[in-house]
$ cat query17.pdb   # PDB, C-alpha atoms
MODEL        1
ATOM      1  CA  MET A  19      19.186 -21.842  -6.629  1.00  0.00           C
ATOM      2  CA  ARG A  20      15.910 -19.982  -6.947  1.00  0.00           C
ATOM      3  CA  VAL A  21      16.006 -16.268  -6.177  1.00  0.00           C
ATOM      4  CA  TYR A  22      13.173 -13.768  -6.147  1.00  0.00           C
ATOM      5  CA  VAL A  23      13.880 -10.358  -7.662  1.00  0.00           C
ATOM      6  CA  PRO A  24      11.658  -7.446  -6.563  1.00  0.00           C
ATOM      7  CA  LEU A  25      10.621  -5.047  -9.313  1.00  0.00           C
ATOM      8  CA  THR A  26       7.869  -2.701 -10.414  1.00  0.00           C
ATOM      9  CA  LEU A  27       5.961  -3.035 -13.688  1.00  0.00           C
ATOM     10  CA  SER A  28       8.153  -0.304 -15.196  1.00  0.00           C
ATOM     11  CA  GLY A  29      11.236  -2.180 -13.965  1.00  0.00           C
ATOM     12  CA  LEU A  30       9.900  -5.349 -15.585  1.00  0.00           C
ATOM     13  CA  ALA A  31       9.322  -3.424 -18.836  1.00  0.00           C
ATOM     14  CA  GLU A  32      12.922  -2.191 -18.732  1.00  0.00           C
ATOM     15  CA  ALA A  33      14.198  -5.726 -18.092  1.00  0.00           C
ATOM     16  CA  TYR A  34      12.115  -6.948 -21.016  1.00  0.00           C
ATOM     17  CA  LYS A  35      13.624  -4.275 -23.300  1.00  0.00           C
ATOM     18  CA  THR A  36      17.224  -4.896 -22.223  1.00  0.00           C
ATOM     19  CA  GLY A  37      16.939  -8.635 -21.592  1.00  0.00           C
ATOM     20  CA  GLU A  38      18.688  -8.133 -18.237  1.00  0.00           C
ATOM     21  CA  LEU A  39      17.630  -7.876 -14.632  1.00  0.00           C
ATOM     22  CA  GLY A  40      19.761  -5.302 -12.906  1.00  0.00           C
ATOM     23  CA  PRO A  41      21.588  -3.293 -11.734  1.00  0.00           C
ATOM     24  CA  ASP A  42      24.658  -5.282 -10.764  1.00  0.00           C
ATOM     25  CA  PRO A  43      24.841  -6.574  -8.090  1.00  0.00           C
ATOM     26  CA  LEU A  44      21.232  -7.624  -8.224  1.00  0.00           C
ATOM     27  CA  VAL A  45      19.359  -7.571  -4.910  1.00  0.00           C
ATOM     28  CA  ALA A  46      17.106 -10.591  -4.574  1.00  0.00           C
ATOM     29  CA  TYR A  47      15.614 -12.857  -1.911  1.00  0.00           C
ATOM     30  CA  ALA A  48      16.184 -16.558  -1.392  1.00  0.00           C
ATOM     31  CA  VAL A  49      16.037 -19.307   1.182  1.00  0.00           C
ATOM     32  CA  THR A  50      19.053 -18.381   3.304  1.00  0.00           C
ATOM     33  CA  PRO A  51      20.170 -19.879   6.624  1.00  0.00           C
ATOM     34  CA  ALA A  52      18.844 -16.779   8.436  1.00  0.00           C
ATOM     35  CA  LEU A  53      15.457 -17.119   6.709  1.00  0.00           C
ATOM     36  CA  ARG A  54      15.310 -20.819   7.656  1.00  0.00           C
ATOM     37  CA  GLU A  55      16.063 -19.960  11.275  1.00  0.00           C
ATOM     38  CA  TRP A  56      13.523 -17.132  11.350  1.00  0.00           C
ATOM     39  CA  TYR A  57      10.760 -19.144   9.674  1.00  0.00           C
ATOM     40  CA  LEU A  58      11.385 -22.331  11.670  1.00  0.00           C
ATOM     41  CA  SER A  59      10.385 -24.713   8.903  1.00  0.00           C
ATOM     42  CA  ASP A  60      12.029 -27.482   6.945  1.00  0.00           C
ATOM     43  CA  ASP A  61       9.339 -27.425   4.249  1.00  0.00           C
ATOM     44  CA  ILE A  62      11.083 -26.003   1.172  1.00  0.00           C
ATOM     45  CA  GLU A  63       7.795 -24.841  -0.377  1.00  0.00           C
ATOM     46  CA  GLU A  64       6.957 -22.823   2.745  1.00  0.00           C
ATOM     47  CA  LEU A  65      10.479 -21.378   2.794  1.00  0.00           C
ATOM     48  CA  GLU A  66      10.293 -20.449  -0.900  1.00  0.00           C
ATOM     49  CA  TYR A  67       6.945 -18.768  -0.245  1.00  0.00           C
ATOM     50  CA  ALA A  68       8.514 -16.822   2.639  1.00  0.00           C
ATOM     51  CA  ALA A  69      11.349 -15.684   0.333  1.00  0.00           C
ATOM     52  CA  LEU A  70       8.766 -14.655  -2.292  1.00  0.00           C
ATOM     53  CA  ASN A  71       6.919 -12.621   0.351  1.00  0.00           C
ATOM     54  CA  ARG A  72      10.164 -10.924   1.408  1.00  0.00           C
ATOM     55  CA  ALA A  73      10.692  -9.946  -2.236  1.00  0.00           C
ATOM     56  CA  ALA A  74       7.093  -8.701  -2.440  1.00  0.00           C
ATOM     57  CA  LEU A  75       7.791  -6.406   0.525  1.00  0.00           C
ATOM     58  CA  ALA A  76      10.933  -5.163  -1.237  1.00  0.00           C
ATOM     59  CA  SER A  77       8.804  -4.498  -4.329  1.00  0.00           C
ATOM     60  CA  LEU A  78       6.454  -2.461  -2.121  1.00  0.00           C
ATOM     61  CA  ARG A  79       9.495  -0.432  -1.028  1.00  0.00           C
ATOM     62  CA  LEU A  80      10.338   0.218  -4.684  1.00  0.00           C
ATOM     63  CA  LEU A  81       6.768   1.418  -5.219  1.00  0.00           C
ATOM     64  CA  ALA A  82       6.996   3.713  -2.187  1.00  0.00           C
ATOM     65  CA  ALA A  83      10.087   5.304  -3.747  1.00  0.00           C
ATOM     66  CA  ASP A  84       8.442   5.767  -7.166  1.00  0.00           C
ATOM     67  CA  ALA A  85       5.187   7.712  -6.939  1.00  0.00           C
ATOM     68  CA  GLY A  86       4.553   7.284 -10.675  1.00  0.00           C
ATOM     69  CA  ALA A  87       4.750   3.485 -10.731  1.00  0.00           C
ATOM     70  CA  VAL A  88       1.630   1.375 -11.182  1.00  0.00           C
ATOM     71  CA  ARG A  89       0.655   0.154  -7.714  1.00  0.00           C
ATOM     72  CA  ARG A  90       1.211  -3.560  -8.312  1.00  0.00           C
ATOM     73  CA  ARG A  91       4.037  -5.511  -6.705  1.00  0.00           C
ATOM     74  CA  VAL A  92       6.212  -7.521  -9.103  1.00  0.00           C
ATOM     75  CA  VAL A  93       8.586 -10.376  -8.285  1.00  0.00           C
ATOM     76  CA  VAL A  94      10.578 -12.330 -10.868  1.00  0.00           C
ATOM     77  CA  ALA A  95      11.600 -15.868  -9.914  1.00  0.00           C
ATOM     78  CA  VAL A  96      15.000 -16.694 -11.415  1.00  0.00           C
ATOM     79  CA  ASP A  97      17.202 -19.751 -11.189  1.00  0.00           C
ATOM     80  CA  VAL A  98      20.866 -18.898 -10.726  1.00  0.00           C
ATOM     81  CA  PRO A  99      23.838 -21.227 -10.227  1.00  0.00           C
ATOM     82  CA  ASP A 100      24.474 -22.332  -6.642  1.00  0.00           C
ATOM     83  CA  GLY A 101      26.914 -19.910  -5.076  1.00  0.00           C
ATOM     84  CA  ALA A 102      25.895 -17.028  -7.361  1.00  0.00           C
ATOM     85  CA  ALA A 103      23.575 -15.598  -4.709  1.00  0.00           C
ATOM     86  CA  VAL A 104      25.382 -14.494  -1.556  1.00  0.00           C
ATOM     87  CA  ALA A 105      23.896 -13.234   1.691  1.00  0.00           C
ATOM     88  CA  ASP A 106      25.719 -10.385   3.415  1.00  0.00           C
ATOM     89  CA  PRO A 107      26.978 -11.875   6.702  1.00  0.00           C
ATOM     90  CA  ASP A 108      26.921  -8.440   8.336  1.00  0.00           C
ATOM     91  CA  ARG A 109      23.182  -8.118   7.636  1.00  0.00           C
ATOM     92  CA  GLY A 110      22.260 -11.740   8.292  1.00  0.00           C
ATOM     93  CA  LEU A 111      20.605 -11.040  11.642  1.00  0.00           C
ATOM     94  CA  ASP A 112      18.928  -7.795  10.555  1.00  0.00           C
ATOM     95  CA  PRO A 113      15.182  -8.586  10.384  1.00  0.00           C
ATOM     96  CA  ALA A 114      14.844  -6.230   7.406  1.00  0.00           C
ATOM     97  CA  ALA A 115      17.431  -8.276   5.485  1.00  0.00           C
ATOM     98  CA  LEU A 116      16.030 -11.773   6.076  1.00  0.00           C
ATOM     99  CA  GLY A 117      16.483 -13.758   2.887  1.00  0.00           C
ATOM    100  CA  GLU A 118      18.268 -10.903   1.122  1.00  0.00           C
ATOM    101  CA  VAL A 119      21.037 -11.940  -1.262  1.00  0.00           C
ATOM    102  CA  ARG A 120      23.165 -10.265  -3.894  1.00  0.00           C
ATOM    103  CA  VAL A 121      23.725 -11.815  -7.301  1.00  0.00           C
ATOM    104  CA  ALA A 122      26.895 -10.557  -8.997  1.00  0.00           C
ATOM    105  CA  GLY A 123      27.082 -10.278 -12.754  1.00  0.00           C
ATOM    106  CA  GLY A 124      24.225  -9.750 -15.116  1.00  0.00           C
ATOM    107  CA  VAL A 125      21.178 -11.973 -14.846  1.00  0.00           C
ATOM    108  CA  ALA A 126      19.415 -12.554 -18.129  1.00  0.00           C
ATOM    109  CA  LEU A 127      15.637 -12.221 -18.036  1.00  0.00           C
ATOM    110  CA  ALA A 128      15.624 -15.386 -20.150  1.00  0.00           C
ATOM    111  CA  LYS A 129      16.691 -17.256 -16.979  1.00  0.00           C
ATOM    112  CA  ALA A 130      13.401 -16.323 -15.306  1.00  0.00           C
ATOM    113  CA  ALA A 131      11.179 -19.210 -14.312  1.00  0.00           C
ATOM    114  CA  ALA A 132       8.061 -17.116 -13.665  1.00  0.00           C
ATOM    115  CA  VAL A 133       6.766 -13.672 -12.850  1.00  0.00           C
ATOM    116  CA  HIS A 134       4.511 -12.935  -9.873  1.00  0.00           C
ATOM    117  CA  VAL A 135       2.332  -9.800 -10.026  1.00  0.00           C
ATOM    118  CA  ASP A 136      -0.556  -8.373  -8.022  1.00  0.00           C
ATOM    119  CA  ALA A 137      -3.993  -8.548  -9.597  1.00  0.00           C
ATOM    120  CA  ASP A 138      -5.646  -5.277 -10.623  1.00  0.00           C
ATOM    121  CA  ASP A 139      -7.934  -5.427  -7.580  1.00  0.00           C
ATOM    122  CA  ALA A 140      -4.922  -5.200  -5.243  1.00  0.00           C
ATOM    123  CA  GLU A 141      -3.877  -1.748  -6.468  1.00  0.00           C
ATOM    124  CA  ALA A 142      -5.762   0.259  -3.815  1.00  0.00           C
ATOM    125  CA  ASP A 143      -4.349  -1.804  -0.932  1.00  0.00           C
ATOM    126  CA  VAL A 144      -0.857  -1.794  -2.439  1.00  0.00           C
ATOM    127  CA  ALA A 145      -1.041   1.990  -2.895  1.00  0.00           C
ATOM    128  CA  ALA A 146      -2.106   2.373   0.742  1.00  0.00           C
ATOM    129  CA  GLY A 147       0.699   0.042   1.851  1.00  0.00           C
ATOM    130  CA  ALA A 148       3.305   1.985  -0.110  1.00  0.00           C
ATOM    131  CA  GLU A 149       1.996   5.227   1.385  1.00  0.00           C
ATOM    132  CA  ALA A 150       2.121   3.809   4.942  1.00  0.00           C
ATOM    133  CA  LEU A 151       5.542   2.176   4.654  1.00  0.00           C
ATOM    134  CA  ALA A 152       7.633   5.031   6.079  1.00  0.00           C
ATOM    135  CA  ALA A 153       5.352   5.388   9.108  1.00  0.00           C
ATOM    136  CA  ALA A 154       5.374   1.602   9.620  1.00  0.00           C
ATOM    137  CA  ASP A 155       9.172   1.615   9.523  1.00  0.00           C
ATOM    138  CA  ALA A 156       9.090   4.343  12.187  1.00  0.00           C
ATOM    139  CA  GLY A 157       7.065   2.086  14.499  1.00  0.00           C
ATOM    140  CA  ASP A 158       3.476   3.170  13.782  1.00  0.00           C
ATOM    141  CA  ASP A 159       1.348   0.074  14.468  1.00  0.00           C
ATOM    142  CA  ASP A 160      -1.631   1.346  12.460  1.00  0.00           C
ATOM    143  CA  ALA A 161       0.620   1.945   9.448  1.00  0.00           C
ATOM    144  CA  GLN A 162       2.137  -1.535   9.893  1.00  0.00           C
ATOM    145  CA  PHE A 163      -1.389  -2.968   9.782  1.00  0.00           C
ATOM    146  CA  VAL A 164      -1.931  -1.230   6.428  1.00  0.00           C
ATOM    147  CA  VAL A 165       1.402  -2.515   5.076  1.00  0.00           C
ATOM    148  CA  ASP A 166       0.579  -6.029   6.299  1.00  0.00           C
ATOM    149  CA  GLY A 167      -2.738  -5.738   4.455  1.00  0.00           C
ATOM    150  CA  THR A 168      -0.888  -5.943   1.152  1.00  0.00           C
ATOM    151  CA  GLU A 169      -0.024  -9.548   2.069  1.00  0.00           C
ATOM    152  CA  ASP A 170      -3.741 -10.352   1.961  1.00  0.00           C
ATOM    153  CA  HIS A 171      -3.292 -10.261  -1.811  1.00  0.00           C
ATOM    154  CA  ASP A 172      -1.474 -13.261  -3.219  1.00  0.00           C
ATOM    155  CA  LEU A 173       0.725 -12.490  -6.167  1.00  0.00           C
ATOM    156  CA  LEU A 174      -0.537 -14.130  -9.350  1.00  0.00           C
ATOM    157  CA  TRP A 175       1.748 -16.465 -11.292  1.00  0.00           C
ATOM    158  CA  TYR A 176       2.581 -15.665 -14.912  1.00  0.00           C
ATOM    159  CA  ALA A 177       4.688 -17.542 -17.418  1.00  0.00           C
ATOM    160  CA  THR A 178       7.601 -15.564 -18.810  1.00  0.00           C
ATOM    161  CA  GLN A 179       5.906 -15.560 -22.231  1.00  0.00           C
ATOM    162  CA  GLU A 180       3.238 -13.317 -20.680  1.00  0.00           C
ATOM    163  CA  ILE A 181       5.689 -10.504 -19.810  1.00  0.00           C
ATOM    164  CA  PRO A 182       4.881  -8.460 -22.957  1.00  0.00           C
ATOM    165  CA  HIS A 183       1.198  -8.517 -21.996  1.00  0.00           C
ATOM    166  CA  LEU A 184       1.984  -7.564 -18.379  1.00  0.00           C
ATOM    167  CA  VAL A 185       4.035  -4.522 -19.399  1.00  0.00           C
ATOM    168  CA  GLY A 186       1.611  -3.389 -22.095  1.00  0.00           C
ATOM    169  CA  LEU A 187       3.661  -4.443 -25.094  1.00  0.00           C
ATOM    170  CA  GLY A 188       1.555  -7.424 -26.096  1.00  0.00           C
ATOM    171  CA  GLY A 189      -1.808  -7.746 -27.685  1.00  0.00           C
TER     172      GLY A 189
ENDMDL
END

$ encode --input "query17.pdb" --output "structure tokens"
Amino acid sequence: MRVYVPLTLSGLAEAYKTGELGPDPLVAYAVTPALREWYLSDDIEELEYAALNRAALASLRLLAADAGAVRRRVVVAVDVPDGAAVADPDRGLDPAALGEVRVAGGVALAKAAAVHVDADDAEADVAAGAEALAAADAGDDDAQFVVDGTEDHDLLWYATQEIPHLVGLGG
């Protein structure tokens, strides 16, 4: 099963150093029954893209909580065994938790299939989205428009071999 793990660039650097995505249990996003119902599609590629976007929003939340982080959303796509990712049935209908799963046990970064990161030119919009997130959560439509503007930037795809370059450890 493919899961999408939201991070920041500093979180990705830490995962690269330790070789592990964490903490345990790992919060990730995947194609869950609730996400399928919400998205109303049978196209697995569309559903995977929706799960990736849910993880990108979670990455934006991580950025909002860390004022010092580089303003680029990061999502790591990881393949885990079927059954390893479990949705919380109590949060299944919560719109904020659509696609959210927990993966118990350590997940090795070596299991990553790819890394998705904002381009440099997205930083201003991502910074504005992170700044507006609390107001958007409180119901401010203008702030929600700013947060939604981060989705205008597609995350770029990187091979896992490019992680050192992404986190500033490669040449």

$ resolve_selection --input "query17.pdb" --expression "the PyMOL selection byres ((chain A and resi 56-66) around 12)" --output "ChimeraX atom specification"
/A:19-22,47-55,67-73,95,110-117

$ resolve_selection --input "query17.pdb" --expression "the PyMOL selection byres ((chain A and resi 124) around 12)" --output "PyMOL selection string"
chain A and resi 33+36-45+98+102-103+120-123+125-129

$ atom_distance --input "query17.pdb" --atom1 "atom CA of A:Arg90" --atom2 "atom CA of A:Ala105"
26.6 Å

$ closest_residue --input "query17.pdb" --among "A:Leu30, A:Asp100, A:Leu184, A:Leu78" --to "A:Glu141" --atoms "only C-alpha atoms"
A:Leu78

$ resolve_selection --input "query17.pdb" --expression "the PyMOL selection byres ((chain A and resi 142-151) around 7)" --output "mmCIF file with C-alpha atoms, keeping the file's coordinate frame"
data_model
loop_
_atom_site.group_PDB
_atom_site.id
_atom_site.type_symbol
_atom_site.label_atom_id
_atom_site.label_comp_id
_atom_site.auth_asym_id
_atom_site.auth_seq_id
_atom_site.Cartn_x
_atom_site.Cartn_y
_atom_site.Cartn_z
ATOM 1 C CA LEU A 78 6.454 -2.461 -2.121
ATOM 2 C CA ARG A 79 9.495 -0.432 -1.028
ATOM 3 C CA LEU A 81 6.768 1.418 -5.219
ATOM 4 C CA ALA A 82 6.996 3.713 -2.187
ATOM 5 C CA ARG A 89 0.655 0.154 -7.714
ATOM 6 C CA ARG A 90 1.211 -3.560 -8.312
ATOM 7 C CA ALA A 140 -4.922 -5.200 -5.243
ATOM 8 C CA GLU A 141 -3.877 -1.748 -6.468
ATOM 9 C CA ALA A 152 7.633 5.031 6.079
ATOM 10 C CA ALA A 153 5.352 5.388 9.108
ATOM 11 C CA ALA A 154 5.374 1.602 9.620
ATOM 12 C CA ASP A 155 9.172 1.615 9.523
ATOM 13 C CA ALA A 161 0.620 1.945 9.448
ATOM 14 C CA VAL A 164 -1.931 -1.230 6.428
ATOM 15 C CA VAL A 165 1.402 -2.515 5.076
ATOM 16 C CA GLY A 167 -2.738 -5.738 4.455
ATOM 17 C CA THR A 168 -0.888 -5.943 1.152
#

$ closest_residue --input "query17.pdb" --among "A:Leu27, A:Val94, A:Val119, A:Ala132" --to "A:Asp106" --atoms "only C-alpha atoms"
A:Val119

$ closest_residue --input "query17.pdb" --among "A:Ala131, A:Trp175, A:Arg109, A:Ala74" --to "A:Asp97" --atoms "all atoms listed in the file"
A:Ala131

$ decode --input "query17.pdb" --residues "stretch 112-170 of chain A" --atoms "C-alpha atoms" --output "mmCIF file, in the first residue's frame"
data_model
loop_
_atom_site.group_PDB
_atom_site.id
_atom_site.type_symbol
_atom_site.label_atom_id
_atom_site.label_comp_id
_atom_site.auth_asym_id
_atom_site.auth_seq_id
_atom_site.Cartn_x
_atom_site.Cartn_y
_atom_site.Cartn_z
ATOM 1 C CA ASP A 112 -13.988 13.978 10.083
ATOM 2 C CA PRO A 113 -13.251 16.046 6.941
ATOM 3 C CA ALA A 114 -9.887 17.055 8.422
ATOM 4 C CA ALA A 115 -8.897 13.380 8.700
ATOM 5 C CA LEU A 116 -9.833 12.211 5.194
ATOM 6 C CA GLY A 117 -7.203 9.743 4.053
ATOM 7 C CA GLU A 118 -5.323 9.908 7.354
ATOM 8 C CA VAL A 119 -3.739 6.650 8.491
ATOM 9 C CA ARG A 120 -1.303 5.566 11.165
ATOM 10 C CA VAL A 121 1.597 3.253 10.415
ATOM 11 C CA ALA A 122 2.856 1.408 13.500
ATOM 12 C CA GLY A 123 6.496 0.473 13.826
ATOM 13 C CA GLY A 124 9.416 2.209 12.252
ATOM 14 C CA VAL A 125 9.334 2.956 8.546
ATOM 15 C CA ALA A 126 12.733 2.949 6.910
ATOM 16 C CA LEU A 127 13.424 5.850 4.566
ATOM 17 C CA ALA A 128 14.893 3.213 2.248
ATOM 18 C CA LYS A 129 11.291 2.062 1.620
ATOM 19 C CA ALA A 130 10.474 5.432 0.049
ATOM 20 C CA ALA A 131 9.416 5.349 -3.575
ATOM 21 C CA ALA A 132 9.766 9.095 -4.183
ATOM 22 C CA VAL A 133 9.850 12.496 -2.559
ATOM 23 C CA HIS A 134 7.542 15.351 -3.563
ATOM 24 C CA VAL A 135 8.672 18.914 -2.770
ATOM 25 C CA ASP A 136 7.548 22.415 -3.705
ATOM 26 C CA ALA A 137 9.692 24.302 -6.188
ATOM 27 C CA ASP A 138 11.590 27.354 -4.937
ATOM 28 C CA ASP A 139 9.063 29.666 -6.610
ATOM 29 C CA ALA A 140 6.275 28.311 -4.379
ATOM 30 C CA GLU A 141 7.882 29.534 -1.149
ATOM 31 C CA ALA A 142 6.045 32.883 -0.974
ATOM 32 C CA ASP A 143 2.621 31.285 -1.506
ATOM 33 C CA VAL A 144 3.410 28.439 0.891
ATOM 34 C CA ALA A 145 4.571 30.948 3.522
ATOM 35 C CA ALA A 146 1.334 32.906 3.076
ATOM 36 C CA GLY A 147 -0.693 29.685 3.300
ATOM 37 C CA ALA A 148 1.054 28.620 6.498
ATOM 38 C CA GLU A 149 0.447 32.075 7.966
ATOM 39 C CA ALA A 150 -3.265 31.986 7.023
ATOM 40 C CA LEU A 151 -3.935 28.425 8.175
ATOM 41 C CA ALA A 152 -5.192 29.215 11.690
ATOM 42 C CA ALA A 153 -7.615 31.852 10.392
ATOM 43 C CA ALA A 154 -8.798 29.471 7.648
ATOM 44 C CA ASP A 155 -9.427 26.783 10.259
ATOM 45 C CA ALA A 156 -11.488 29.343 12.194
ATOM 46 C CA GLY A 157 -13.740 29.884 9.166
ATOM 47 C CA ASP A 158 -12.168 32.936 7.498
ATOM 48 C CA ASP A 159 -12.983 32.569 3.784
ATOM 49 C CA ASP A 160 -10.248 34.976 2.669
ATOM 50 C CA ALA A 161 -7.663 32.996 4.642
ATOM 51 C CA GLN A 162 -9.012 29.748 3.147
ATOM 52 C CA PHE A 163 -8.491 31.252 -0.313
ATOM 53 C CA VAL A 164 -4.837 31.899 0.578
ATOM 54 C CA VAL A 165 -4.402 28.350 1.922
ATOM 55 C CA ASP A 166 -6.061 26.930 -1.201
ATOM 56 C CA GLY A 167 -3.597 28.970 -3.262
ATOM 57 C CA THR A 168 -0.799 26.665 -2.149
ATOM 58 C CA GLU A 169 -2.501 23.919 -4.183
ATOM 59 C CA ASP A 170 -1.834 25.973 -7.315
#
